[in-house]
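**Student:** Here it is, the structure in full.
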Amino acid sequence: MAEKYPWLVRQEEAEGHEVGNHTYHHVNLTKIKPALVQTEVRACDEVIRSALGHGAALLRPPGGQYNAHTVDATREVGYTTVLWTDDPGDYESPGAELILQRTLRDVSNGGIILLHDGIDQTIEILPRLFRYLRAKGYELVTAGELIRRTQS
């Protein structure tokens, strides 16, 4: 997607969002050899670099599928693997209200909510989700910022 929409990647970063690596072909990393894991990560990194002038630091493996070999392989090419704590299943397009309900049910301090781009129902609930979270005292930060805060 970053290759198809580099202007959107630049806009995301300009608005304070963190751009991460999700592999080039969106493959199950546990089903391929570590060298191919690195090829997938590097290929996506090249696209990100082309759009932004620099690479990313974080990788979310497609489907959350990872093992010790994939974590080691991605670390060797300079990436930190990041997963999530809350998955409302928006990729199934269950309806905006259900996505919002599931997200609010599971939200927690220090949590990472998994939401996907290009899903109209997800886009629809974002303003209400953000208002609710802020009203409850949550601060919305990038995954990188969350990691930095927990390490200090």
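Note on naming: chains are A, B, ... as they come in the structure tokens, residues start from 1 per chain, ligands start from 1 in the order shown.
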Name all residues at most 12 Å from Ala51 (chain A) (count only C-alpha atoms; drop same-chain ones fewer than 5 positions away) and give them as a list in words.
**Tutor:**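 Here the qualifying residues turn out to be Met1, Ala2, Glu3, Lys4, Tyr5, Pro6, Trp7, Leu8, Val9, Arg10, Gln11, Glu12, Glu13, Ala14, Val19, Cys44, Asp45, Glu46 and Ala56 of chain A.
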**Student:** Write out as a list in words each polymer residue whose atoms come within 12 Å of region 131-133 of chain A, counting only C-alpha atoms; drop sequence neighbours fewer than 2 positions from it.
**Tutor:**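 Here the answer would be Leu100, Gln101, Thr103, Leu104, Arg105, Asp106, Val107, Ser108, Asn109, Gly111, Ile113, Ile125, Leu126, Pro127, Arg128, Leu129, Ala135, Lys136, Gly137, Tyr138, Glu139, Leu140 and Val141 of chain A.
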**Student:** Using only C-alpha atoms, which protein or nucleic acid residues come within 10 Å of Pro61 (chain A)? Drop anything in the same chain fewer than 6 positions from it, and give the result as a PyMOL selection string.
**Tutor:** chain A and resi 21-23+26-30+37+41+70-71+74+81-83
**Student:** Mind checking which residues fall within 10 Å of region 144-152 of chain A, counting only C-alpha atoms, ignoring those fewer than 6 positions away in the same chain, and posting them as a VMD selection string?
**Tutor:** chain A and resid 18 to 20 57 to 58 80 82 110 to 112
**Student:** How far is it from CA of Gly16 (chain A) to CA of Gln65 (chain A), in Å with one decimal?
**Tutor:**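 Computing it gives 27.4 Å between the two atoms.
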